[in-house]
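*Asks:* Have a look at this one.
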Amino acid sequence: MSALALGIFSWYGFVLPFQDRIALIQEAGFTGTSLWWEDEEEPFPLPKEKMPSLVREQGLRIDNIHVPCCEANHFWSEDKDLRQEIIKKHKEWLEDCARFNVPLLVMHLCDGEDAPAPNPHGLESLEKIVRRAEELGVNIAIENTRRMDSVVAVLEHISSPVLGFCFDSSHHRLTDKEDFRFLRTFGHRLKATHLSDNDGLADRHWLPGHGVIDWSKLSQAFPQAYEGFLTLEAYPTPEEAKGSPQAFLKLAYERINNFARIIHCTV
């Protein structure tokens with residue numbers, strides 16, 4: 001496996017202006033970041049359209065944009081109007097990716113504790129979104145959340161090269177514990193990572209090593225052919241939040257670098 005780029009999500013738990021957060025990411029040694037694709041609100045408002053240029057001016061690469069997911073259950077709805085509206089939004093976000101030269105869109109297939117089971121309505125919805133992605137030359141990564149069966153259903157139904165998945169290690173620990181069959185089966189379609197740790201009870205988004213995830217076992221299942229970013233989606237513990245963002249990012253870089261070494265990367 002060749003060296004992988006290391007990244008961290010642009011929101012990492014410290015309330016600072018976007019430009020300051022990005023600058024600290026670069027200073028800590030990361031080479032990329034990911035963006036939550038909504039305007040930032042008070043106390044430091046910023047339109048999302050300004051974020052890509054600010055990231056690149058700081059010398060960082062943009063791994064992906066993560067789009068809002070609060071209405072993701074509508075993909076599977078029997079209501080055609082609801083499905084058309086959520087499809088329309090995702091097509092517009094794909095067009096944003098093309099406009100701002102962002103190679104990858106990360107999305108959820110469901111939201112909440114009572115997410116619907118996969119069904120033909122959802123598969124048809126995703127097909128339409130994927131076809132638009134193909135036209136634009138943008139990739140899509142569907143993230144594993146509460147229903148791994150939905151991710152499996154979509155990946156099995158749609159074989160497009162632009163469609164893959166984003167592996168969230170914290171979500172996986174809550175749904176599949178230490179069973180890595182999904183990652184071994186679909187690893188060739190891995191397009192992004194959200195790496196963080198938890199206590200096995202909730203989605204804590206701790207740095208690797210703070211929780212119960214067995215990173216050695218995860219590394220053994222991690223696809224050797226993966227060439228994307230190793231990206232953290234992590235926030236400080238209450239104790240870490242009392243310190244500086246610089247100290248948190250320094251530790252974050254050390255932890256993701258350690259994982260990169262475990263999976264035989266040279267960084």
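To be explicit about the labels: the chains of the structure tokens are called A, B, and onward in the order shown, and within each one the residues are counted from 1, while ligands get numbers from 1 in the order they are shown.
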Neighbours of stretch 77-85 of chain A within 12 Å (only C-alpha atoms; same-chain residues fewer than 6 positions away dropped), as a PyMOL selection string?

*Replies:* chain A and resi 71+91-92+109-110+115-126+128-129

*Asks:* Using only C-alpha atoms, can you tell me which of A:Phe100, A:Phe9, A:Phe165, A:Tyr235 comes closest to A:Ile22?

*Replies:*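 Closest to A:Ile22, using only C-alpha atoms: A:Phe9.
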
*Asks:* Go through stretch 136-239 of chain A and collect every residue that DSSP, computed from the backbone, puts in strand (DSSP E or B); the answer should be as a PyMOL selection string.

*Replies:* chain A and resi 139-143+163-168+190-195+197+206+230-232

*Asks:* At what distance in Å, to one decimal, does atom CA of A:Thr145 lie from atom CA of A:Asp203?

*Replies:* 10.3 Å

*Asks:* Nearest to A:Gln224 among A:Met148, A:His188, A:Leu207, A:Leu104, with distances taken over only C-alpha atoms: which residue is it?

*Replies:* A:His188

*Asks:* So which residues touch A:Glu233 within 6 Å, counting only C-alpha atoms, skipping near sequence neighbours fewer than 3 positions away, as a list in words?

*Replies:* Phe9, His194, Leu195 and Ser196 of chain A

*Asks:* Take the residues from that selection and write them out as a PDB file, in the first residue's frame, keeping C-alpha atoms.

*Replies:*
ATOM      1  CA  PHE A   9     -13.026  17.184   9.198  1.00  0.00           C
ATOM      2  CA  HIS A 194     -14.616   8.890   8.984  1.00  0.00           C
ATOM      3  CA  LEU A 195     -12.288   7.570  11.667  1.00  0.00           C
ATOM      4  CA  SER A 196     -13.046   8.012  15.361  1.00  0.00           C
TER       5      SER A 196
END

*Asks:* Need to verify the contact set: stretch 173-186 of chain A, 7 Å, only C-alpha atoms, exclusion of same-chain residues closer than 5 positions in sequence. Can you return it as JSON, numbers by chain?

*Replies:* {"A": [146, 200, 201, 213, 221, 222]}

*Asks:* Quick one: pull the distance between atom CA of A:Trp215 and atom CA of A:Pro68, Å, one decimal.

*Replies:* 28.6 Å

*Asks:* Using DSSP assignments from the backbone, pull out every residue in stretch 24-260 of chain A that falls under alpha helix (DSSP H) and give it to me as a VMD selection string.

*Replies:* chain A and resid 24 to 27 51 to 57 80 to 99 120 to 136 148 to 157 169 to 175 181 to 186 215 to 221 238 to 241 245 to 260

*Asks:* Would you please work out which residue, of A:Tyr253, A:Phe75, A:Phe229, A:Trp206, is nearest to A:Thr33 when using only C-alpha atoms?

*Replies:* A:Phe229

*Asks:* Using 12 Å as the limit and counting only C-alpha atoms, can you tabulate each residue of stretch 180-217 of chain A that touches stretch 64-67 of chain A, with its shortest atom-to-atom distance in Å and the two atoms involved, as CSV?

*Replies:*
residue,atom,partner,partner_atom,distance
A:Lys191,CA,A:Asn64,CA,9.9
A:Ala192,CA,A:Asn64,CA,8.2
A:Thr193,CA,A:Asn64,CA,10.3
A:His194,CA,A:His66,CA,10.8

*Asks:* Kindly export the residues of the current selection with all heavy atoms, as a PDB file, in the first residue's frame.

*Replies:*
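The resulting file, selection-v8.pdb, is shown below:
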ATOM      1  N   LYS A 191     -14.337   4.726  -0.653  1.00  0.00           N
ATOM      2  CA  LYS A 191     -13.962   6.010  -1.245  1.00  0.00           C
ATOM      3  C   LYS A 191     -13.603   7.076  -0.215  1.00  0.00           C
ATOM      4  O   LYS A 191     -13.036   8.108  -0.568  1.00  0.00           O
ATOM      5  CB  LYS A 191     -15.090   6.534  -2.140  1.00  0.00           C
ATOM      6  CG  LYS A 191     -15.279   5.724  -3.425  1.00  0.00           C
ATOM      7  CD  LYS A 191     -16.294   6.366  -4.355  1.00  0.00           C
ATOM      8  CE  LYS A 191     -16.432   5.575  -5.659  1.00  0.00           C
ATOM      9  NZ  LYS A 191     -15.225   5.667  -6.502  1.00  0.00           N
ATOM     10  N   ALA A 192     -13.949   6.864   1.055  1.00  0.00           N
ATOM     11  CA  ALA A 192     -13.663   7.865   2.083  1.00  0.00           C
ATOM     12  C   ALA A 192     -13.722   7.202   3.449  1.00  0.00           C
ATOM     13  O   ALA A 192     -14.272   6.108   3.606  1.00  0.00           O
ATOM     14  CB  ALA A 192     -14.674   9.009   2.009  1.00  0.00           C
ATOM     15  N   THR A 193     -13.157   7.875   4.441  1.00  0.00           N
ATOM     16  CA  THR A 193     -13.195   7.367   5.809  1.00  0.00           C
ATOM     17  C   THR A 193     -13.607   8.468   6.777  1.00  0.00           C
ATOM     18  O   THR A 193     -13.262   9.641   6.597  1.00  0.00           O
ATOM     19  CB  THR A 193     -11.826   6.818   6.256  1.00  0.00           C
ATOM     20  OG1 THR A 193     -10.867   7.880   6.243  1.00  0.00           O
ATOM     21  CG2 THR A 193     -11.356   5.686   5.366  1.00  0.00           C
ATOM     22  N   HIS A 194     -14.356   8.078   7.804  1.00  0.00           N
ATOM     23  CA  HIS A 194     -14.616   8.890   8.984  1.00  0.00           C
ATOM     24  C   HIS A 194     -14.111   8.073  10.157  1.00  0.00           C
ATOM     25  O   HIS A 194     -14.789   7.157  10.625  1.00  0.00           O
ATOM     26  CB  HIS A 194     -16.110   9.173   9.151  1.00  0.00           C
ATOM     27  CG  HIS A 194     -16.658  10.181   8.215  1.00  0.00           C
ATOM     28  ND1 HIS A 194     -18.000  10.461   8.124  1.00  0.00           N
ATOM     29  CD2 HIS A 194     -16.038  10.993   7.322  1.00  0.00           C
ATOM     30  CE1 HIS A 194     -18.197  11.406   7.207  1.00  0.00           C
ATOM     31  NE2 HIS A 194     -17.020  11.734   6.707  1.00  0.00           N
TER      32      HIS A 194
END

*Asks:* At what distance in Å, to one decimal, does atom CA of A:Arg204 lie from atom CA of A:His74?

*Replies:*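 It comes out at 26.4 Å.
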
*Asks:* Go through A:Asp114, A:Arg21, A:Phe44, A:Trp37 one by one, measure the shortest atom-to-atom distance of each to A:Cys97 using only C-alpha atoms, and give the residue with the smallest value.

*Replies:*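 Counting only C-alpha atoms, the residue closest to A:Cys97 is A:Trp37.
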